[in-house]
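Data file: query.pdb. Format and content: PDB, C-alpha atoms.
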MODEL        1
ATOM      1  CA  MET A   1       7.944  17.093 -21.037
ATOM      2  CA  GLY A   2       7.698  13.280 -20.993
ATOM      3  CA  LYS A   3       5.567  11.567 -23.647
ATOM      4  CA  VAL A   4       3.038  10.114 -21.202
ATOM      5  CA  ARG A   5       2.701  13.407 -19.357
ATOM      6  CA  ALA A   6       2.271  15.277 -22.650
ATOM      7  CA  PHE A   7      -0.369  12.774 -23.798
ATOM      8  CA  ILE A   8      -2.293  13.184 -20.535
ATOM      9  CA  GLU A   9      -2.070  16.980 -20.654
ATOM     10  CA  TYR A  10      -3.388  17.075 -24.224
ATOM     11  CA  ASN A  11      -6.091  14.396 -24.107
ATOM     12  CA  TYR A  12      -7.433  14.315 -20.547
ATOM     13  CA  ARG A  13      -9.655  17.398 -20.531
ATOM     14  CA  HIS A  14     -13.021  16.374 -19.074
ATOM     15  CA  PHE A  15     -14.798  14.172 -16.538
ATOM     16  CA  ASN A  16     -12.683  11.560 -14.729
ATOM     17  CA  ALA A  17      -9.819  12.216 -17.122
ATOM     18  CA  ALA A  18      -9.735  15.874 -16.078
ATOM     19  CA  SER A  19      -9.964  14.843 -12.407
ATOM     20  CA  LEU A  20      -6.827  12.757 -12.934
ATOM     21  CA  VAL A  21      -4.943  15.773 -14.286
ATOM     22  CA  ASP A  22      -6.215  18.056 -11.520
ATOM     23  CA  ALA A  23      -5.224  15.527  -8.851
ATOM     24  CA  ALA A  24      -1.762  15.012 -10.355
ATOM     25  CA  LYS A  25      -1.151  18.764 -10.561
ATOM     26  CA  GLY A  26      -2.346  19.150  -6.972
ATOM     27  CA  TYR A  27       0.027  16.391  -5.845
ATOM     28  CA  GLU A  28       2.916  18.079  -7.667
ATOM     29  CA  LYS A  29       2.074  21.468  -6.154
ATOM     30  CA  HIS A  30       1.955  19.877  -2.710
ATOM     31  CA  LEU A  31       5.459  18.447  -3.136
ATOM     32  CA  ASN A  32       6.816  21.690  -4.560
ATOM     33  CA  GLU A  33       5.649  23.449  -1.410
ATOM     34  CA  GLY A  34       7.916  21.144   0.590
ATOM     35  CA  LYS A  35       5.139  19.051   2.159
ATOM     36  CA  LYS A  36       5.148  15.304   2.687
ATOM     37  CA  MET A  37       2.777  12.796   1.053
ATOM     38  CA  LEU A  38       1.278   9.580   2.401
ATOM     39  CA  VAL A  39       0.068   6.975  -0.092
ATOM     40  CA  SER A  40      -2.368   4.256   0.973
ATOM     41  CA  LEU A  41      -2.600   0.938  -0.903
ATOM     42  CA  ALA A  42      -5.787  -1.115  -0.762
ATOM     43  CA  GLY A  43      -6.884  -4.175  -2.666
ATOM     44  CA  ALA A  44      -4.311  -6.244  -4.492
ATOM     45  CA  MET A  45      -2.302  -3.462  -6.070
ATOM     46  CA  SER A  46       0.955  -5.389  -5.691
ATOM     47  CA  THR A  47      -0.420  -8.334  -7.659
ATOM     48  CA  ALA A  48      -1.479  -5.762 -10.269
ATOM     49  CA  GLU A  49       2.270  -4.929 -10.361
ATOM     50  CA  LEU A  50       1.925  -1.332  -9.234
ATOM     51  CA  GLY A  51       5.526  -1.683  -8.094
ATOM     52  CA  ILE A  52       6.665  -0.873 -11.631
ATOM     53  CA  SER A  53       5.686   2.763 -11.075
ATOM     54  CA  LEU A  54       5.412   2.919  -7.277
ATOM     55  CA  ALA A  55       9.035   1.907  -6.696
ATOM     56  CA  GLU A  56      10.306   4.810  -8.787
ATOM     57  CA  MET A  57       8.016   7.222  -6.938
ATOM     58  CA  ILE A  58       9.647   6.051  -3.701
ATOM     59  CA  ARG A  59      13.164   6.343  -5.125
ATOM     60  CA  GLN A  60      12.489   9.881  -6.341
ATOM     61  CA  ASP A  61      11.216  10.960  -2.903
ATOM     62  CA  LYS A  62       7.677  11.642  -4.113
ATOM     63  CA  ILE A  63       6.230   9.384  -1.398
ATOM     64  CA  HIS A  64       7.220   9.828   2.220
ATOM     65  CA  MET A  65       5.041   7.247   3.945
ATOM     66  CA  ILE A  66       2.882   4.277   2.980
ATOM     67  CA  SER A  67      -0.165   2.743   4.610
ATOM     68  CA  THR A  68      -0.873  -0.675   3.152
ATOM     69  CA  THR A  69      -2.760  -3.873   3.680
ATOM     70  CA  GLY A  70      -0.725  -6.880   4.712
ATOM     71  CA  ALA A  71      -1.681  -8.462   1.394
ATOM     72  CA  ASN A  72       0.055  -5.751  -0.630
ATOM     73  CA  LEU A  73       3.069  -5.936   1.668
ATOM     74  CA  GLU A  74       3.630  -9.637   1.041
ATOM     75  CA  GLU A  75       2.326  -9.891  -2.521
ATOM     76  CA  ASP A  76       5.005  -7.550  -3.828
ATOM     77  CA  LEU A  77       7.611  -9.962  -2.446
ATOM     78  CA  MET A  78       5.728 -12.966  -3.797
ATOM     79  CA  ASN A  79       5.749 -11.445  -7.263
ATOM     80  CA  LEU A  80       9.452 -10.735  -6.813
ATOM     81  CA  VAL A  81      10.413 -14.336  -6.010
ATOM     82  CA  ALA A  82       7.801 -16.385  -7.911
ATOM     83  CA  HIS A  83       6.740 -14.311 -10.914
ATOM     84  CA  ASN A  84       7.509 -17.048 -13.445
ATOM     85  CA  SER A  85       5.076 -19.439 -11.769
ATOM     86  CA  TYR A  86       2.139 -17.027 -11.718
ATOM     87  CA  LYS A  87      -0.739 -18.048 -13.955
ATOM     88  CA  ARG A  88      -3.014 -15.556 -15.678
ATOM     89  CA  VAL A  89      -6.645 -16.500 -16.236
ATOM     90  CA  PRO A  90      -8.010 -13.887 -18.665
ATOM     91  CA  HIS A  91     -11.436 -15.585 -18.842
ATOM     92  CA  TYR A  92     -11.878 -15.729 -15.069
ATOM     93  CA  ARG A  93     -15.505 -14.602 -15.343
ATOM     94  CA  ASP A  94     -16.340 -17.886 -17.066
ATOM     95  CA  LEU A  95     -14.877 -20.164 -14.371
ATOM     96  CA  THR A  96     -17.220 -22.657 -12.744
ATOM     97  CA  PRO A  97     -16.934 -23.805  -9.117
ATOM     98  CA  LYS A  98     -15.242 -26.967 -10.462
ATOM     99  CA  ASP A  99     -12.724 -24.829 -12.342
ATOM    100  CA  GLU A 100     -11.982 -22.896  -9.168
ATOM    101  CA  TRP A 101     -11.524 -26.141  -7.228
ATOM    102  CA  ALA A 102      -9.088 -27.365  -9.867
ATOM    103  CA  LEU A 103      -6.995 -24.219  -9.335
ATOM    104  CA  LEU A 104      -6.981 -24.871  -5.592
ATOM    105  CA  GLU A 105      -5.785 -28.436  -6.128
ATOM    106  CA  LYS A 106      -2.907 -27.075  -8.218
ATOM    107  CA  GLY A 107      -1.949 -24.674  -5.428
ATOM    108  CA  LEU A 108      -3.043 -21.628  -7.414
ATOM    109  CA  ASN A 109      -4.767 -18.928  -5.344
ATOM    110  CA  ARG A 110      -6.739 -16.645  -7.657
ATOM    111  CA  VAL A 111      -6.860 -12.854  -7.427
ATOM    112  CA  THR A 112      -9.224 -11.799 -10.233
ATOM    113  CA  ASP A 113      -7.310 -12.816 -13.396
ATOM    114  CA  THR A 114      -4.035 -13.745 -11.683
ATOM    115  CA  CYS A 115      -3.234 -16.903  -9.739
ATOM    116  CA  ILE A 116      -0.523 -16.759  -7.076
ATOM    117  CA  PRO A 117       1.379 -20.071  -6.874
ATOM    118  CA  GLU A 118       1.276 -21.153  -3.234
ATOM    119  CA  GLU A 119       4.327 -23.407  -3.213
ATOM    120  CA  GLU A 120       6.671 -21.030  -5.028
ATOM    121  CA  ALA A 121       5.376 -17.823  -3.442
ATOM    122  CA  PHE A 122       4.230 -18.435   0.129
ATOM    123  CA  ARG A 123       6.547 -21.306   0.960
ATOM    124  CA  ARG A 124       9.581 -19.683  -0.635
ATOM    125  CA  LEU A 125       9.218 -16.828   1.837
ATOM    126  CA  GLN A 126       8.040 -18.756   4.870
ATOM    127  CA  ASP A 127      11.283 -20.289   6.148
ATOM    128  CA  HIS A 128      13.176 -17.030   5.753
ATOM    129  CA  VAL A 129      10.592 -14.851   7.442
ATOM    130  CA  PHE A 130      10.179 -17.367  10.273
ATOM    131  CA  LYS A 131      13.913 -17.128  10.911
ATOM    132  CA  VAL A 132      13.676 -13.332  11.145
ATOM    133  CA  TRP A 133      10.731 -13.612  13.533
ATOM    134  CA  LYS A 134      12.431 -16.272  15.668
ATOM    135  CA  ASP A 135      15.795 -14.502  15.821
ATOM    136  CA  ALA A 136      14.090 -11.334  17.074
ATOM    137  CA  GLU A 137      12.109 -13.252  19.668
ATOM    138  CA  ASP A 138      15.209 -15.039  20.945
ATOM    139  CA  LYS A 139      16.854 -11.630  21.422
ATOM    140  CA  GLY A 140      13.803 -10.234  23.189
ATOM    141  CA  GLU A 141      13.136  -7.822  20.329
ATOM    142  CA  ARG A 142       9.734  -6.686  19.085
ATOM    143  CA  MET A 143       9.066  -5.129  15.689
ATOM    144  CA  PHE A 144       6.275  -4.111  13.372
ATOM    145  CA  PRO A 145       5.266  -6.474  10.517
ATOM    146  CA  HIS A 146       6.910  -4.337   7.829
ATOM    147  CA  GLU A 147      10.122  -3.998   9.843
ATOM    148  CA  PHE A 148      10.593  -7.767   9.831
ATOM    149  CA  LEU A 149      10.159  -7.824   6.052
ATOM    150  CA  TYR A 150      12.518  -4.875   5.595
ATOM    151  CA  LYS A 151      15.119  -6.811   7.582
ATOM    152  CA  MET A 152      14.626  -9.909   5.426
ATOM    153  CA  VAL A 153      14.800  -7.955   2.158
ATOM    154  CA  ASN A 154      17.878  -5.965   3.174
ATOM    155  CA  SER A 155      19.691  -9.138   4.271
ATOM    156  CA  GLY A 156      19.845 -10.253   0.628
ATOM    157  CA  VAL A 157      18.543 -13.739   1.441
ATOM    158  CA  LEU A 158      15.817 -13.464  -1.227
ATOM    159  CA  GLU A 159      18.142 -12.451  -4.051
ATOM    160  CA  GLN A 160      18.622 -16.081  -5.077
ATOM    161  CA  TYR A 161      14.945 -16.232  -6.027
ATOM    162  CA  TYR A 162      14.466 -12.940  -7.906
ATOM    163  CA  GLU A 163      12.372 -13.450 -11.042
ATOM    164  CA  ILE A 164      11.654  -9.813 -11.929
ATOM    165  CA  ASP A 165      13.884  -6.788 -12.177
ATOM    166  CA  PRO A 166      14.274  -5.706  -8.533
ATOM    167  CA  LYS A 167      13.803  -2.075  -9.586
ATOM    168  CA  ASN A 168      10.119  -2.984 -10.090
ATOM    169  CA  SER A 169       9.638  -4.109  -6.480
ATOM    170  CA  TRP A 170       8.257  -1.301  -4.338
ATOM    171  CA  MET A 171       9.147  -3.250  -1.191
ATOM    172  CA  ILE A 172      12.828  -3.273  -2.168
ATOM    173  CA  ALA A 173      12.683   0.490  -2.765
ATOM    174  CA  ALA A 174      10.902   1.009   0.564
ATOM    175  CA  ALA A 175      13.261  -1.272   2.500
ATOM    176  CA  GLU A 176      16.347   0.434   1.085
ATOM    177  CA  ARG A 177      15.054   3.799   2.291
ATOM    178  CA  ASN A 178      13.512   2.447   5.504
ATOM    179  CA  LEU A 179      10.338   4.202   4.343
ATOM    180  CA  PRO A 180       7.900   4.964   7.188
ATOM    181  CA  MET A 181       4.953   2.594   6.998
ATOM    182  CA  VAL A 182       1.847   1.376   8.781
ATOM    183  CA  VAL A 183       0.174  -1.954   8.024
ATOM    184  CA  PRO A 184      -3.220  -1.918   9.750
ATOM    185  CA  GLY A 185      -5.005  -5.253  10.035
ATOM    186  CA  TRP A 186      -1.846  -7.177   9.144
ATOM    187  CA  GLU A 187      -3.329 -10.241  10.855
ATOM    188  CA  ASP A 188      -5.689 -10.559   7.880
ATOM    189  CA  SER A 189      -2.818 -11.377   5.494
ATOM    190  CA  THR A 190      -1.344 -14.758   4.601
ATOM    191  CA  LEU A 191       1.850 -14.074   6.554
ATOM    192  CA  GLY A 192      -0.320 -12.860   9.420
ATOM    193  CA  ASN A 193      -2.143 -16.194   9.352
ATOM    194  CA  ILE A 194       1.179 -18.056   9.209
ATOM    195  CA  PHE A 195       2.494 -16.069  12.181
ATOM    196  CA  ALA A 196      -0.667 -16.895  14.126
ATOM    197  CA  SER A 197      -0.217 -20.585  13.318
ATOM    198  CA  TYR A 198       3.280 -20.532  14.828
ATOM    199  CA  CYS A 199       1.862 -18.851  17.939
ATOM    200  CA  ILE A 200      -0.842 -21.535  18.231
ATOM    201  CA  LYS A 201       1.821 -24.224  17.937
ATOM    202  CA  GLY A 202       3.860 -22.505  20.648
ATOM    203  CA  GLU A 203       6.827 -21.782  18.362
ATOM    204  CA  LEU A 204       6.429 -17.994  18.575
ATOM    205  CA  LYS A 205       4.846 -15.507  20.953
ATOM    206  CA  ALA A 206       2.169 -13.107  19.747
ATOM    207  CA  SER A 207       3.887 -10.302  21.656
ATOM    208  CA  THR A 208       6.914 -10.501  19.323
ATOM    209  CA  MET A 209       4.813  -8.727  16.702
ATOM    210  CA  LYS A 210       3.903  -5.128  17.487
ATOM    211  CA  SER A 211       0.176  -4.442  17.260
ATOM    212  CA  GLY A 212      -2.195  -2.180  15.380
ATOM    213  CA  ILE A 213      -2.617   0.007  18.445
ATOM    214  CA  GLU A 214       1.145   0.475  18.519
ATOM    215  CA  TYR A 215       1.013   1.393  14.825
ATOM    216  CA  MET A 216      -1.515   4.121  15.656
ATOM    217  CA  MET A 217       0.638   5.386  18.512
ATOM    218  CA  TRP A 218       3.650   5.485  16.197
ATOM    219  CA  LEU A 219       1.602   7.260  13.515
ATOM    220  CA  ALA A 220       0.492   9.894  16.029
ATOM    221  CA  ASP A 221       4.131  10.700  16.751
ATOM    222  CA  TYR A 222       5.049  10.654  13.067
ATOM    223  CA  TYR A 223       2.252  13.059  12.121
ATOM    224  CA  THR A 224       3.030  15.371  15.016
ATOM    225  CA  ASN A 225       6.721  15.506  14.091
ATOM    226  CA  ASN A 226       6.305  15.819  10.307
ATOM    227  CA  ALA A 227       3.092  17.728   9.638
ATOM    228  CA  GLY A 228       4.428  21.154  10.541
ATOM    229  CA  GLU A 229       1.748  23.823  10.514
ATOM    230  CA  GLU A 230       0.209  22.843   7.170
ATOM    231  CA  GLY A 231      -0.210  19.063   7.387
ATOM    232  CA  ILE A 232       0.682  16.020   5.286
ATOM    233  CA  GLY A 233      -0.950  15.011   2.003
ATOM    234  CA  PHE A 234      -3.063  11.865   1.586
ATOM    235  CA  PHE A 235      -3.206   9.962  -1.720
ATOM    236  CA  GLN A 236      -5.594   7.039  -1.334
ATOM    237  CA  ILE A 237      -5.618   4.146  -3.785
ATOM    238  CA  GLY A 238      -8.867   2.246  -3.284
ATOM    239  CA  GLY A 239     -10.670   2.131   0.056
ATOM    240  CA  GLY A 240     -10.627  -0.148   3.049
ATOM    241  CA  ILE A 241      -8.502  -0.191   6.161
ATOM    242  CA  ALA A 242      -5.352   1.031   4.408
ATOM    243  CA  GLY A 243      -7.082   4.392   3.995
ATOM    244  CA  ASP A 244      -9.438   4.389   6.964
ATOM    245  CA  PHE A 245      -6.751   3.705   9.567
ATOM    246  CA  PRO A 246      -4.184   6.445   8.907
ATOM    247  CA  ILE A 247      -6.613   9.234   8.055
ATOM    248  CA  CYS A 248      -8.131   8.926  11.546
ATOM    249  CA  VAL A 249      -4.917  10.039  13.232
ATOM    250  CA  VAL A 250      -5.776  13.717  12.708
ATOM    251  CA  PRO A 251      -9.130  13.724  14.527
ATOM    252  CA  MET A 252      -7.596  11.478  17.199
ATOM    253  CA  LEU A 253      -4.838  14.002  17.846
ATOM    254  CA  ALA A 254      -7.177  16.991  17.732
ATOM    255  CA  GLN A 255     -10.199  15.566  19.540
ATOM    256  CA  ASP A 256      -9.123  12.650  21.724
ATOM    257  CA  LEU A 257      -5.736  14.055  22.721
ATOM    258  CA  GLU A 258      -7.088  17.618  22.560
ATOM    259  CA  ARG A 259      -4.124  18.894  20.570
ATOM    260  CA  GLU A 260      -6.191  21.566  18.917
ATOM    261  CA  ASP A 261      -3.282  22.971  16.896
ATOM    262  CA  THR A 262      -3.029  19.714  14.884
ATOM    263  CA  PRO A 263      -3.200  20.576  11.169
ATOM    264  CA  PHE A 264      -5.682  18.799   8.910
ATOM    265  CA  TRP A 265      -4.506  16.609   6.067
ATOM    266  CA  SER A 266      -3.377  19.204   3.546
ATOM    267  CA  TYR A 267      -4.181  17.375   0.276
ATOM    268  CA  PHE A 268      -6.578  14.532  -0.411
ATOM    269  CA  CYS A 269      -7.158  12.376  -3.453
ATOM    270  CA  GLN A 270      -8.867   9.018  -3.739
ATOM    271  CA  ILE A 271      -9.010   6.658  -6.687
ATOM    272  CA  SER A 272     -12.149   4.625  -6.141
ATOM    273  CA  ASP A 273     -14.912   2.734  -7.932
ATOM    274  CA  SER A 274     -17.048   2.381  -4.793
ATOM    275  CA  THR A 275     -20.624   3.639  -4.916
ATOM    276  CA  THR A 276     -21.376   6.557  -2.600
ATOM    277  CA  SER A 277     -25.065   5.756  -2.159
ATOM    278  CA  PHE A 278     -24.325   2.381  -0.540
ATOM    279  CA  GLY A 279     -23.100   4.134   2.600
ATOM    280  CA  SER A 280     -19.585   2.757   2.424
ATOM    281  CA  TYR A 281     -16.723   4.824   3.761
ATOM    282  CA  SER A 282     -14.693   3.769   0.727
ATOM    283  CA  GLY A 283     -17.231   5.437  -1.524
ATOM    284  CA  ALA A 284     -17.694   8.601   0.535
ATOM    285  CA  VAL A 285     -16.996  11.864  -1.252
ATOM    286  CA  PRO A 286     -14.083  13.839   0.220
ATOM    287  CA  ASN A 287     -16.341  16.532   1.700
ATOM    288  CA  GLU A 288     -17.810  13.969   4.110
ATOM    289  CA  LYS A 289     -14.403  13.825   5.777
ATOM    290  CA  ILE A 290     -14.760  17.476   6.792
ATOM    291  CA  THR A 291     -17.527  16.457   9.193
ATOM    292  CA  TRP A 292     -15.167  13.979  10.861
ATOM    293  CA  GLY A 293     -12.386  16.491  11.394
ATOM    294  CA  LYS A 294     -10.029  14.907   8.864
ATOM    295  CA  LEU A 295     -10.009  17.538   6.116
ATOM    296  CA  SER A 296     -10.563  21.279   6.292
ATOM    297  CA  ILE A 297     -12.747  23.439   4.094
ATOM    298  CA  ASP A 298      -9.631  24.554   2.224
ATOM    299  CA  THR A 299      -7.946  21.157   1.737
ATOM    300  CA  PRO A 300      -7.520  20.469  -2.006
ATOM    301  CA  LYS A 301      -9.817  17.495  -2.618
ATOM    302  CA  PHE A 302      -9.984  15.174  -5.602
ATOM    303  CA  ILE A 303     -11.736  11.930  -6.428
ATOM    304  CA  ILE A 304     -11.041   9.887  -9.536
ATOM    305  CA  GLU A 305     -13.876   7.401 -10.022
ATOM    306  CA  SER A 306     -12.094   4.715 -11.967
ATOM    307  CA  ASP A 307     -10.008   1.543 -11.833
ATOM    308  CA  ALA A 308      -6.926   2.173  -9.702
ATOM    309  CA  THR A 309      -4.878  -0.376 -11.653
ATOM    310  CA  ILE A 310      -5.234   1.911 -14.680
ATOM    311  CA  VAL A 311      -5.290   5.323 -13.016
ATOM    312  CA  ALA A 312      -2.541   5.113 -10.376
ATOM    313  CA  PRO A 313       0.279   4.286 -12.849
ATOM    314  CA  LEU A 314      -0.853   7.184 -15.040
ATOM    315  CA  VAL A 315      -0.790   9.642 -12.131
ATOM    316  CA  PHE A 316       2.648   8.374 -11.139
ATOM    317  CA  ALA A 317       3.911   8.589 -14.728
ATOM    318  CA  TYR A 318       2.694  12.190 -14.839
ATOM    319  CA  LEU A 319       4.521  13.030 -11.614
ATOM    320  CA  LEU A 320       7.680  11.260 -12.807
ATOM    321  CA  ASP A 321       7.505  13.208 -16.094
ATOM    322  CA  GLN A 322       7.675  10.025 -18.128
TER
ENDMDL
END
Could you take the file, read its structure, and then write that structure out as C-alpha cells?
Amino acid sequence: MGKVRAFIEYNYRHFNAASLVDAAKGYEKHLNEGKKMLVSLAGAMSTAELGISLAEMIRQDKIHMISTTGANLEEDLMNLVAHNSYKRVPHYRDLTPKDEWALLEKGLNRVTDTCIPEEEAFRRLQDHVFKVWKDAEDKGERMFPHEFLYKMVNSGVLEQYYEIDPKNSWMIAAAERNLPMVVPGWEDSTLGNIFASYCIKGELKASTMKSGIEYMMWLADYYTNNAGEEGIGFFQIGGGIAGDFPICVVPMLAQDLEREDTPFWSYFCQISDSTTSFGSYSGAVPNEKITWGKLSIDTPKFIIESDATIVAPLVFAYLLDQ
C-alpha cells in the first residue's frame, strides 16, 4: 500500500475525512466493476495545478471523460508554457484596489493567490491557436473547442515553451489519449473571448466552432453508447456549469427523448464548499438529484464538504496507490 493511501486509511476516520475515504473506495469499486467515470472540473483547478495528479489518473485509465470549464482547459496550457512568469501573492486578502490596479498594469491577472502573466501565457498561445482555427475554417472543417486544443498540443508546436514537466499537464495526457470531453460555456473563457474578437473583426466565422448544443448532442450519444445497463460514474470537483451541464444528459435522454431504459448515473461524488441553504445547485445535497431524475435511490452518493484543491489530489493519490 502506498504511503499516502496508508496515511489516509489510518487517519481519516470521521466527518469529512471519512467521507473522503468512503468516496475514494466507492470510486475504486466502480472502476473494478468495469464501469466508466466522468470527472467534472469547475473553478480554477488547473491554476491550482491539479494536473500533477489528474494527468496520472488519465494515463492510468481511471478517468474516461472530462467535463470542464473553458478556463480550466486553457489554464492548464498557460501553466505549461508560462509557469516561470506566474506570480504568487500569498497576502492577497490584504490587497487594496490600488494594488489590484498595479497588477493589471503589469499584465498580471489574479486568481486568488496566483497571477497569470498575460503576455507570456495568453499571447504565447494566441498565434498558434488562431492558426489551428483558421486552417480548419479554410478547409471547411468544424470542431469542438477542446478538439482544436488537442490538435495544437499534439502538433508539438508548444514544446518550445514548456516550463513544467509535461507529465504534470492534464491537457497533454488528455490530448495524447484523445480523451472524450465536453466544455460547456466555453465562450466564457479567455480563448472564447479571443475567438469572438476574431469573429467580430471578420477574420473567423462563429460557425467554425461547434456549439454547446452540439456538445449536448454528442454527450447524449456518448452516454447511450457507453453507459451499458448500469450507467457511468460522476465525480464532481466544485460546482457550476462543468457539473450542471453533463449530469442533465440522463434526464434529457429519459424524459425528453423518452428513452425510458436509460440508466441513471451509477456513482456520484461532489467536492464542494457551497452552502446548501442558499439554494444553489452547487450546494445541493446529492439526494436532491433524485427528484430531477439524475440519480437513483440506489446510486452510491458522497459529498465531501471541503476545499477541492486539497481534497481532489488526496482522492487521486488514494486511487493511484501513492
Calculate how many Å separate CA of Val182 (chain A) from CA of Val249 (chain A), rounding to one decimal.
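Computed distance, CA of Val182 (chain A) to CA of Val249 (chain A), equals 11.9 Å.
When all atoms listed in the file are used to compute distances to Phe195 (chain A), the closest of the residues A:Met252, A:Val132, A:Met181, A:Ile237 turns out to be A:Val132.
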Expected selection from the PyMOL selection byres ((chain A and resi 40) around 7), given as a ChimeraX atom specification
/A:38-39,41-42,66-68,235-237,242-243
Which neighbours of Pro180 (chain A) fall inside 12 Å, counting only C-alpha atoms, when residues of the same chain fewer than 3 positions from it are skipped, and could you give them as a list in words?
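Here the qualifying residues turn out to be Lys36, Met37, Leu38, Val39, Ile58, Ile63, His64, Met65, Ile66, Ser67, Thr68, Phe144, His146, Glu147, Tyr150, Met171, Ala173, Ala174, Ala175, Glu176, Arg177, Val183, Tyr215, Trp218, Leu219, Asp221, Tyr222, Tyr223 and Asn226 of chain A.
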Next, write the just-selected residues to a file, as a JSON list (two decimals), keeping the file's coordinate frame, keeping C-alpha atoms as the atom set.
[["chain", "number", "residue", "atom", "x", "y", "z"],
["A", 36, "LYS", "CA", 5.15, 15.30, 2.69],
["A", 37, "MET", "CA", 2.78, 12.80, 1.05],
["A", 38, "LEU", "CA", 1.28, 9.58, 2.40],
["A", 39, "VAL", "CA", 0.07, 6.98, -0.09],
["A", 58, "ILE", "CA", 9.65, 6.05, -3.70],
["A", 63, "ILE", "CA", 6.23, 9.38, -1.40],
["A", 64, "HIS", "CA", 7.22, 9.83, 2.22],
["A", 65, "MET", "CA", 5.04, 7.25, 3.94],
["A", 66, "ILE", "CA", 2.88, 4.28, 2.98],
["A", 67, "SER", "CA", -0.16, 2.74, 4.61],
["A", 68, "THR", "CA", -0.87, -0.68, 3.15],
["A", 144, "PHE", "CA", 6.28, -4.11, 13.37],
["A", 146, "HIS", "CA", 6.91, -4.34, 7.83],
["A", 147, "GLU", "CA", 10.12, -4.00, 9.84],
["A", 150, "TYR", "CA", 12.52, -4.88, 5.60],
["A", 171, "MET", "CA", 9.15, -3.25, -1.19],
["A", 173, "ALA", "CA", 12.68, 0.49, -2.76],
["A", 174, "ALA", "CA", 10.90, 1.01, 0.56],
["A", 175, "ALA", "CA", 13.26, -1.27, 2.50],
["A", 176, "GLU", "CA", 16.35, 0.43, 1.08],
["A", 177, "ARG", "CA", 15.05, 3.80, 2.29],
["A", 183, "VAL", "CA", 0.17, -1.95, 8.02],
["A", 215, "TYR", "CA", 1.01, 1.39, 14.82],
["A", 218, "TRP", "CA", 3.65, 5.48, 16.20],
["A", 219, "LEU", "CA", 1.60, 7.26, 13.52],
["A", 221, "ASP", "CA", 4.13, 10.70, 16.75],
["A", 222, "TYR", "CA", 5.05, 10.65, 13.07],
["A", 223, "TYR", "CA", 2.25, 13.06, 12.12],
["A", 226, "ASN", "CA", 6.30, 15.82, 10.31]]
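Within 9 Å of Gly231 (chain A), once only C-alpha atoms are used and residues closer than 4 positions along the same chain are dropped, the contacting residues are A:Lys35, A:Lys36, A:Tyr223, A:Asn226, A:Ala227, A:Thr262, A:Pro263, A:Phe264, A:Trp265, A:Ser266, A:Tyr267.
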When the PyMOL selection byres ((chain A and resi 301-305) around 7) is applied to the file above, which residues end up in the set, as a list in words?
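So the PyMOL selection byres ((chain A and resi 301-305) around 7), applied here, picks out Asn16, Ser19, Leu20, Ala23, Tyr267, Phe268, Cys269, Gln270, Ile271, Ser272, Asp273, Pro286, Thr299, Pro300 and Ser306 of chain A.
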Mind writing the picked residues with C-alpha atoms as a compact mmCIF listing (two decimals), in the coordinates of the input?
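The resulting file, out29.txt, is reproduced below:
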# COMPACT_ATOMS: atom_id res chain seq x y z
CA ASN A 16 -12.68 11.56 -14.73
CA SER A 19 -9.96 14.84 -12.41
CA LEU A 20 -6.83 12.76 -12.93
CA ALA A 23 -5.22 15.53 -8.85
CA TYR A 267 -4.18 17.38 0.28
CA PHE A 268 -6.58 14.53 -0.41
CA CYS A 269 -7.16 12.38 -3.45
CA GLN A 270 -8.87 9.02 -3.74
CA ILE A 271 -9.01 6.66 -6.69
CA SER A 272 -12.15 4.62 -6.14
CA ASP A 273 -14.91 2.73 -7.93
CA PRO A 286 -14.08 13.84 0.22
CA THR A 299 -7.95 21.16 1.74
CA PRO A 300 -7.52 20.47 -2.01
CA SER A 306 -12.09 4.72 -11.97
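Separating CA of Met1 (chain A) from CA of Thr47 (chain A) is a distance of 29.9 Å.
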Selected by the PyMOL selection byres ((chain A and resi 316) around 12) in the shown coordinates: which residues, as an MDAnalysis selection string?
chainID A and resid 4:5 8 20:21 23:25 27:28 39 50:58 60 62:63 235 237 308:315 317:322
Wanna dump the region 86-148 of chain A-region 199-214 of chain A contacts at 7 Å for me, each residue with its shortest atom pair and the distance in Å to one decimal, counting only C-alpha atoms, ordered by chain and number, as CSV?
residue,atom,partner,partner_atom,distance
A:Lys134,CA,A:Leu204,CA,6.9
A:Glu137,CA,A:Thr208,CA,5.9
A:Glu141,CA,A:Thr208,CA,6.8
A:Arg142,CA,A:Thr208,CA,4.8
A:Met143,CA,A:Lys210,CA,5.5
A:Phe144,CA,A:Lys210,CA,4.9
A:Pro145,CA,A:Met209,CA,6.6
So how many Å separate CA of Leu104 (chain A) and CA of Ala121 (chain A), to one decimal?
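CA of Leu104 (chain A) sits 14.4 Å away from CA of Ala121 (chain A).
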